[in-house]
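Shown next: entry-v9.csv, given as CSV, C-alpha atoms.
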chain,number,residue,atom,x,y,z
A,1,MET,CA,124.0,30.4,-77.2
A,2,ASN,CA,125.6,29.4,-73.9
A,3,ALA,CA,129.4,29.2,-74.5
A,4,GLY,CA,129.7,26.3,-72.1
A,5,VAL,CA,127.4,24.1,-74.2
A,6,ARG,CA,128.3,22.7,-77.6
A,7,VAL,CA,126.2,20.4,-79.7
A,8,GLN,CA,127.8,19.5,-83.0
A,9,SER,CA,128.1,16.7,-85.6
A,10,ASP,CA,131.8,17.3,-86.2
A,11,SER,CA,134.4,15.2,-84.4
A,12,PHE,CA,136.6,17.1,-81.9
A,13,ASP,CA,140.1,17.0,-80.4
A,14,MET,CA,139.7,16.1,-76.8
A,15,GLY,CA,143.1,17.5,-75.9
A,16,ALA,CA,142.5,20.8,-77.6
A,17,VAL,CA,139.1,21.2,-76.0
A,18,LEU,CA,140.5,20.4,-72.5
A,19,ASN,CA,143.5,22.7,-73.0
A,20,ALA,CA,141.3,25.6,-74.0
A,21,PHE,CA,139.0,25.0,-71.1
A,22,ALA,CA,141.9,24.8,-68.6
A,23,ALA,CA,143.7,27.8,-70.0
A,24,ALA,CA,140.7,30.1,-69.0
A,25,MET,CA,140.7,28.6,-65.5
A,26,SER,CA,143.9,30.0,-64.1
A,27,ALA,CA,142.5,33.5,-64.2
A,28,ARG,CA,139.6,32.3,-62.0
A,29,ASN,CA,141.8,30.8,-59.4
A,30,ALA,CA,140.5,27.3,-60.0
A,31,GLY,CA,143.1,24.7,-59.0
A,32,ALA,CA,141.3,21.6,-60.1
A,33,VAL,CA,140.1,20.6,-63.6
A,34,VAL,CA,138.3,17.3,-64.2
A,35,SER,CA,137.2,16.0,-67.6
A,36,PHE,CA,135.3,12.9,-68.9
A,37,SER,CA,135.1,11.8,-72.5
A,38,GLY,CA,132.9,9.1,-74.0
A,39,LEU,CA,133.9,7.1,-77.0
A,40,THR,CA,131.8,4.9,-79.3
A,41,ARG,CA,132.7,1.5,-78.0
A,42,ASP,CA,132.6,-1.7,-79.9
A,43,ILE,CA,129.6,-3.7,-78.8
A,44,ALA,CA,129.5,-7.3,-77.5
A,45,THR,CA,129.4,-8.9,-81.0
A,46,GLY,CA,132.3,-6.8,-82.0
A,47,ASP,CA,130.9,-5.7,-85.4
A,48,LEU,CA,129.9,-2.1,-84.8
A,49,ASP,CA,130.1,-0.3,-88.1
A,50,ALA,CA,128.8,3.0,-86.9
A,51,MET,CA,126.9,4.8,-84.1
A,52,GLU,CA,124.1,7.2,-85.0
A,53,ILE,CA,122.9,9.7,-82.5
A,54,GLU,CA,119.6,11.5,-82.9
A,55,HIS,CA,118.8,14.5,-80.9
A,56,TYR,CA,116.0,17.1,-80.4
A,57,PRO,CA,117.4,20.4,-81.7
A,58,GLY,CA,116.4,23.2,-79.4
A,59,MET,CA,115.5,21.1,-76.4
A,60,THR,CA,119.0,19.6,-76.4
A,61,GLU,CA,120.7,23.0,-75.9
A,62,LYS,CA,118.1,24.1,-73.4
A,63,ALA,CA,118.5,20.8,-71.3
A,64,LEU,CA,122.3,20.9,-71.4
A,65,ALA,CA,122.4,24.6,-70.4
A,66,LYS,CA,120.1,23.8,-67.4
A,67,ILE,CA,122.2,20.8,-66.3
A,68,ARG,CA,125.3,22.9,-66.6
A,69,ASP,CA,123.9,25.8,-64.6
A,70,GLU,CA,122.7,23.4,-61.9
A,71,ALA,CA,126.2,21.7,-61.6
A,72,ILE,CA,127.9,25.1,-61.3
A,73,GLU,CA,125.6,26.2,-58.6
A,74,ARG,CA,125.5,22.9,-56.6
A,75,PHE,CA,129.2,22.2,-56.6
A,76,ASN,CA,130.5,25.8,-56.6
A,77,LEU,CA,132.3,25.3,-59.9
A,78,SER,CA,134.4,28.0,-61.4
A,79,ASP,CA,133.1,26.8,-64.8
A,80,ALA,CA,131.8,23.7,-66.6
A,81,MET,CA,131.5,22.7,-70.2
A,82,ILE,CA,129.5,20.1,-72.1
A,83,LEU,CA,130.2,19.0,-75.6
A,84,HIS,CA,128.0,16.4,-77.2
A,85,ARG,CA,127.9,15.2,-80.8
A,86,TYR,CA,125.0,14.0,-82.9
A,87,GLY,CA,124.9,12.2,-86.3
A,88,ARG,CA,126.9,9.3,-87.5
A,89,MET,CA,130.3,8.3,-86.1
A,90,GLY,CA,132.7,5.4,-86.4
A,91,PRO,CA,134.0,3.0,-83.6
A,92,GLY,CA,136.5,4.6,-81.3
A,93,GLU,CA,135.4,8.2,-82.0
A,94,PRO,CA,134.8,10.7,-79.2
A,95,ILE,CA,131.0,11.2,-78.7
A,96,MET,CA,131.0,13.7,-75.9
A,97,MET,CA,133.0,15.4,-73.2
A,98,VAL,CA,132.3,17.3,-70.0
A,99,ALA,CA,134.8,19.3,-68.0
A,100,THR,CA,134.5,21.0,-64.7
A,101,ALA,CA,136.8,23.4,-62.8
A,102,ALA,CA,136.7,24.2,-59.1
A,103,ARG,CA,139.0,25.4,-56.3
A,104,HIS,CA,139.2,21.9,-54.9
A,105,ARG,CA,139.2,18.5,-56.6
A,106,ALA,CA,136.2,17.0,-54.8
A,107,ASP,CA,133.9,19.6,-56.2
A,108,ALA,CA,135.3,19.2,-59.7
A,109,PHE,CA,135.0,15.4,-59.6
A,110,GLN,CA,131.4,15.5,-58.1
A,111,GLY,CA,130.4,18.2,-60.6
A,112,ALA,CA,131.6,16.0,-63.5
A,113,GLU,CA,129.8,12.9,-62.2
A,114,PHE,CA,126.6,14.9,-61.7
A,115,LEU,CA,126.8,16.2,-65.3
A,116,MET,CA,127.3,12.7,-66.6
A,117,ASP,CA,124.4,11.2,-64.7
A,118,TYR,CA,122.0,13.9,-65.9
A,119,LEU,CA,123.3,13.8,-69.4
A,120,LYS,CA,122.7,10.1,-69.6
A,121,SER,CA,119.0,10.2,-68.9
A,122,ARG,CA,117.8,13.8,-69.1
A,123,ALA,CA,119.3,15.2,-72.3
A,124,PRO,CA,117.4,14.3,-75.4
A,125,PHE,CA,119.9,12.1,-77.3
A,126,TRP,CA,119.2,8.6,-78.6
A,127,LYS,CA,121.9,6.2,-79.7
A,128,LYS,CA,121.5,3.7,-82.5
A,129,GLU,CA,124.1,1.0,-83.2
A,130,ILE,CA,124.6,0.1,-86.9
A,131,THR,CA,126.1,-3.3,-87.5
A,132,ALA,CA,126.4,-5.6,-90.6
A,133,THR,CA,123.2,-7.3,-89.6
A,134,GLY,CA,121.1,-4.2,-89.0
A,135,ALA,CA,120.4,-1.2,-86.8
A,136,VAL,CA,119.3,-1.3,-83.1
A,137,TRP,CA,118.3,1.5,-80.8
A,138,VAL,CA,120.3,1.4,-77.6
A,139,ALA,CA,118.0,0.7,-74.7
A,140,ALA,CA,118.1,2.9,-71.6
A,141,ARG,CA,119.5,1.2,-68.5
A,142,ASP,CA,117.7,1.2,-65.2
A,143,GLU,CA,121.1,1.8,-63.5
A,144,ASP,CA,121.4,5.1,-65.4
A,145,GLU,CA,118.0,6.3,-64.1
A,146,ASP,CA,118.8,5.0,-60.6
A,147,ALA,CA,122.0,7.0,-60.6
A,148,LEU,CA,120.0,10.2,-60.5
A,149,SER,CA,118.6,9.4,-57.1
A,150,ARG,CA,121.9,10.0,-55.3
A,151,TRP,CA,121.9,13.7,-56.2
B,1,MET,CA,93.5,23.5,-79.8
B,2,LYS,CA,96.2,23.1,-82.5
B,3,ARG,CA,99.4,21.4,-81.3
B,4,ASP,CA,102.7,20.6,-83.1
B,5,LEU,CA,103.7,17.0,-82.4
B,6,ARG,CA,107.3,15.8,-82.6
B,7,TYR,CA,108.5,12.2,-82.5
B,8,PHE,CA,112.0,10.9,-82.0
B,9,ALA,CA,114.0,7.7,-82.3
B,10,TRP,CA,112.0,4.5,-82.5
B,11,LEU,CA,108.7,6.4,-81.9
B,12,ARG,CA,109.4,8.4,-85.1
B,13,GLU,CA,110.2,5.2,-87.0
B,14,ARG,CA,107.1,3.4,-85.8
B,15,ILE,CA,104.8,6.3,-86.6
B,16,GLY,CA,106.5,7.1,-89.9
B,17,THR,CA,107.0,10.8,-89.4
B,18,GLY,CA,108.9,13.1,-87.1
B,19,HIS,CA,106.4,16.0,-87.1
B,20,GLU,CA,102.7,16.7,-87.6
B,21,SER,CA,100.2,19.3,-86.6
B,22,ILE,CA,96.9,18.2,-85.1
B,23,GLU,CA,93.8,19.7,-83.6
B,24,THR,CA,93.0,18.1,-80.3
B,25,ASP,CA,90.8,18.6,-77.2
B,26,ALA,CA,93.1,16.4,-75.0
B,27,ALA,CA,93.7,17.9,-71.6
B,28,THR,CA,96.8,16.0,-70.5
B,29,VAL,CA,99.8,14.3,-72.2
B,30,ALA,CA,98.2,10.9,-71.2
B,31,ASP,CA,94.9,11.9,-72.9
B,32,LEU,CA,96.7,12.8,-76.0
B,33,ILE,CA,98.6,9.5,-76.0
B,34,GLU,CA,95.2,7.7,-75.7
B,35,GLU,CA,93.8,9.7,-78.6
B,36,LEU,CA,96.8,9.0,-80.8
B,37,ARG,CA,96.7,5.3,-79.9
B,38,ARG,CA,93.2,5.0,-81.2
B,39,ARG,CA,94.1,6.4,-84.6
B,40,ASP,CA,95.6,3.3,-86.3
B,41,GLU,CA,97.9,0.3,-85.8
B,42,ALA,CA,101.1,2.2,-86.2
B,43,TYR,CA,100.2,4.7,-83.4
B,44,ALA,CA,98.9,1.9,-81.3
B,45,PHE,CA,102.2,0.0,-81.7
B,46,ALA,CA,104.3,3.1,-81.1
B,47,PHE,CA,102.5,4.0,-77.9
B,48,SER,CA,101.8,0.5,-76.7
B,49,ASP,CA,104.1,0.7,-73.7
B,50,THR,CA,103.7,4.0,-71.9
B,51,ALA,CA,106.5,3.0,-69.4
B,52,SER,CA,108.9,3.6,-72.2
B,53,ILE,CA,107.5,6.9,-73.4
B,54,ARG,CA,108.8,10.2,-72.3
B,55,ALA,CA,107.2,13.6,-73.2
B,56,ALA,CA,108.2,17.2,-73.4
B,57,LEU,CA,106.0,20.3,-73.6
B,58,ASP,CA,107.6,23.2,-75.4
B,59,GLN,CA,111.0,21.4,-74.9
B,60,ASP,CA,110.8,20.8,-71.2
B,61,LEU,CA,110.5,17.3,-69.9
B,62,VAL,CA,107.2,16.6,-68.1
B,63,ASP,CA,105.4,13.6,-66.5
B,64,LEU,CA,102.7,11.9,-68.6
B,65,ASP,CA,99.9,13.2,-66.3
B,66,ALA,CA,101.0,16.8,-67.0
B,67,PRO,CA,98.3,19.2,-68.4
B,68,LEU,CA,98.9,20.3,-71.9
B,69,SER,CA,97.7,23.8,-71.1
B,70,ASP,CA,99.0,26.2,-73.7
B,71,ALA,CA,102.0,24.2,-74.9
B,72,ARG,CA,102.5,24.6,-78.7
B,73,GLU,CA,104.9,21.8,-79.1
B,74,VAL,CA,104.4,18.3,-77.7
B,75,ALA,CA,107.2,15.8,-78.1
B,76,PHE,CA,107.3,12.1,-77.6
B,77,PHE,CA,110.3,9.9,-77.4
B,78,PRO,CA,111.9,6.8,-75.7
B,79,PRO,CA,114.0,7.1,-72.6
B,80,MET,CA,117.1,9.1,-73.4
B,81,THR,CA,120.5,7.5,-74.0
B,82,GLY,CA,123.0,10.3,-74.2
B,83,GLY,CA,126.5,10.4,-72.7

Take the structure in the file and write it out as structure tokens.
Amino acid sequence: MNAGVRVQSDSFDMGAVLNAFAAAMSARNAGAVVSFSGLTRDIATGDLDAMEIEHYPGMTEKALAKIRDEAIERFNLSDAMILHRYGRMGPGEPIMMVATAARHRADAFQGAEFLMDYLKSRAPFWKKEITATGAVWVAARDEDEDALSRW
Amino acid sequence: MKRDLRYFAWLRERIGTGHESIETDAATVADLIEELRRRDEAYAFAFSDTASIRAALDQDLVDLDAPLSDAREVAFFPPMTGG
């Protein structure tokens, strides 16, 4: 298992994950660390009870490892990590997180954006919103697919 | 050839199972979709709009015109919504 990729149902402490990632970076002479975290957001109607994320065990780890390797290579990153949850989670909980480290901030920022764009439409996760009135699969957005064309 | 089929998200719900093994002569992913669609109404409904179907062969994303070749596991799912 690739140490830079974590797929788990448990919640996580964003600060602790970021600190652990950054702590290993000083030894690699990386002066820039960028992170992004996604939270379950309350939907338009404001009655989100829970978010359920399904994934494809096996392919998920494989796809994430590939995306991470590509980001490291393209942006000269000192390291990168991807953490993504699956299963049921409540509103306001962290769903996922990416972090990148590089010698310079532009690479770290770009690497993180690349990871997010690929994660959104190339990693096998599917979100379902559970409300008092029922459950709805979240539809993929054309903008997310279009975002890939810039890389 | 014997193939393991996997379905996810609303495809899984519409078909009513997440996994099945079938014997098929289909040459490409699209041929297999056509064969499944002819099975019954549930499959026809699940695969009615190929624009919203994605496929993976042995856990690698492929285009629908990809040959099945020696893939053991064929997965079908809607566009992904991670992140």

Using all atoms listed in the file, which residues of chain A come within 7 Å of chain B, and what is the closest atom pair for each, with the distance in Å to one decimal? Give it as a Markdown table, sorted by chain and residue number.
| residue | atom | partner | partner_atom | distance |
| --- | --- | --- | --- | --- |
| A:Gly38 | CA | B:Gly83 | CA | 6.7 |
| A:Glu54 | CA | B:Ala9 | CA | 6.8 |
| A:Met59 | CA | B:Gln59 | CA | 4.8 |
| A:Met96 | CA | B:Gly83 | CA | 6.4 |
| A:Met116 | CA | B:Gly83 | CA | 6.6 |
| A:Leu119 | CA | B:Gly83 | CA | 5.7 |
| A:Lys120 | CA | B:Gly82 | CA | 4.6 |
| A:Ser121 | CA | B:Met80 | CA | 5.0 |
| A:Arg122 | CA | B:Met80 | CA | 6.4 |
| A:Ala123 | CA | B:Gly82 | CA | 6.4 |
| A:Pro124 | CA | B:Met80 | CA | 5.6 |
| A:Phe125 | CA | B:Gly82 | CA | 4.7 |
| A:Trp126 | CA | B:Thr81 | CA | 4.9 |
| A:Lys127 | CA | B:Thr81 | CA | 6.0 |
| A:Ala140 | CA | B:Thr81 | CA | 5.7 |

Close residues, region 82-91 of chain A itself excluded, 6 Å, all atoms listed in the file, min 6 positions apart in chain, as a list in words | Val5, Arg6, Val7, Gln8, Ser9, Thr40, Arg41, Ala50, Met51, Glu52, Ile53, Glu54, Met97 and Val98 of chain A

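Across A:Ala71, A:Ala147, A:Ala30, A:Ala132, the tightest approach to Arg105 (chain A) is made by A:Ala30 when counting all atoms listed in the file.
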
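Taking all atoms listed in the file, the non-local environment of Asp63 (chain B) within 12 Å (same-chain residues fewer than 2 positions away omitted) comprises B:Thr28, B:Val29, B:Ala30, B:Thr50, B:Ala51, B:Ile53, B:Arg54, B:Ala55, B:Ala56, B:Leu57, B:Asp60, B:Leu61, B:Asp65, B:Ala66, B:Pro67, B:Leu68, B:Ala75, B:Phe76.
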
Contact residues around region 16-27 of chain A with only C-alpha atoms at 12 Å, ignoring same-chain residues under 4 positions, as a PDB file with C-alpha atoms, in the coordinates of the input:
ATOM      1  CA  ALA A   3     129.400  29.200 -74.500  1.00  0.00           C
ATOM      2  CA  GLY A   4     129.700  26.300 -72.100  1.00  0.00           C
ATOM      3  CA  ARG A   6     128.300  22.700 -77.600  1.00  0.00           C
ATOM      4  CA  SER A  11     134.400  15.200 -84.400  1.00  0.00           C
ATOM      5  CA  PHE A  12     136.600  17.100 -81.900  1.00  0.00           C
ATOM      6  CA  GLY A  31     143.100  24.700 -59.000  1.00  0.00           C
ATOM      7  CA  ALA A  32     141.300  21.600 -60.100  1.00  0.00           C
ATOM      8  CA  VAL A  33     140.100  20.600 -63.600  1.00  0.00           C
ATOM      9  CA  VAL A  34     138.300  17.300 -64.200  1.00  0.00           C
ATOM     10  CA  SER A  35     137.200  16.000 -67.600  1.00  0.00           C
ATOM     11  CA  PHE A  36     135.300  12.900 -68.900  1.00  0.00           C
ATOM     12  CA  SER A  37     135.100  11.800 -72.500  1.00  0.00           C
ATOM     13  CA  LEU A  77     132.300  25.300 -59.900  1.00  0.00           C
ATOM     14  CA  SER A  78     134.400  28.000 -61.400  1.00  0.00           C
ATOM     15  CA  ASP A  79     133.100  26.800 -64.800  1.00  0.00           C
ATOM     16  CA  ALA A  80     131.800  23.700 -66.600  1.00  0.00           C
ATOM     17  CA  MET A  81     131.500  22.700 -70.200  1.00  0.00           C
ATOM     18  CA  ILE A  82     129.500  20.100 -72.100  1.00  0.00           C
ATOM     19  CA  LEU A  83     130.200  19.000 -75.600  1.00  0.00           C
ATOM     20  CA  PRO A  94     134.800  10.700 -79.200  1.00  0.00           C
ATOM     21  CA  MET A  96     131.000  13.700 -75.900  1.00  0.00           C
ATOM     22  CA  MET A  97     133.000  15.400 -73.200  1.00  0.00           C
ATOM     23  CA  VAL A  98     132.300  17.300 -70.000  1.00  0.00           C
ATOM     24  CA  ALA A  99     134.800  19.300 -68.000  1.00  0.00           C
ATOM     25  CA  THR A 100     134.500  21.000 -64.700  1.00  0.00           C
ATOM     26  CA  ALA A 101     136.800  23.400 -62.800  1.00  0.00           C
ATOM     27  CA  ALA A 102     136.700  24.200 -59.100  1.00  0.00           C
ATOM     28  CA  ARG A 103     139.000  25.400 -56.300  1.00  0.00           C
TER      29      ARG A 103
END

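For the atom pair formed by CA of Gly15 (chain A) and CA of Glu113 (chain A), the distance is 19.6 Å, given to one decimal.
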
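Rounded to one decimal, CA of Glu23 (chain B) and CA of Lys2 (chain B) lie 4.3 Å from each other.
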
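Taking CA of Trp151 (chain A) as the reference point, CA of Ala106 (chain A) is found at 14.7 Å.
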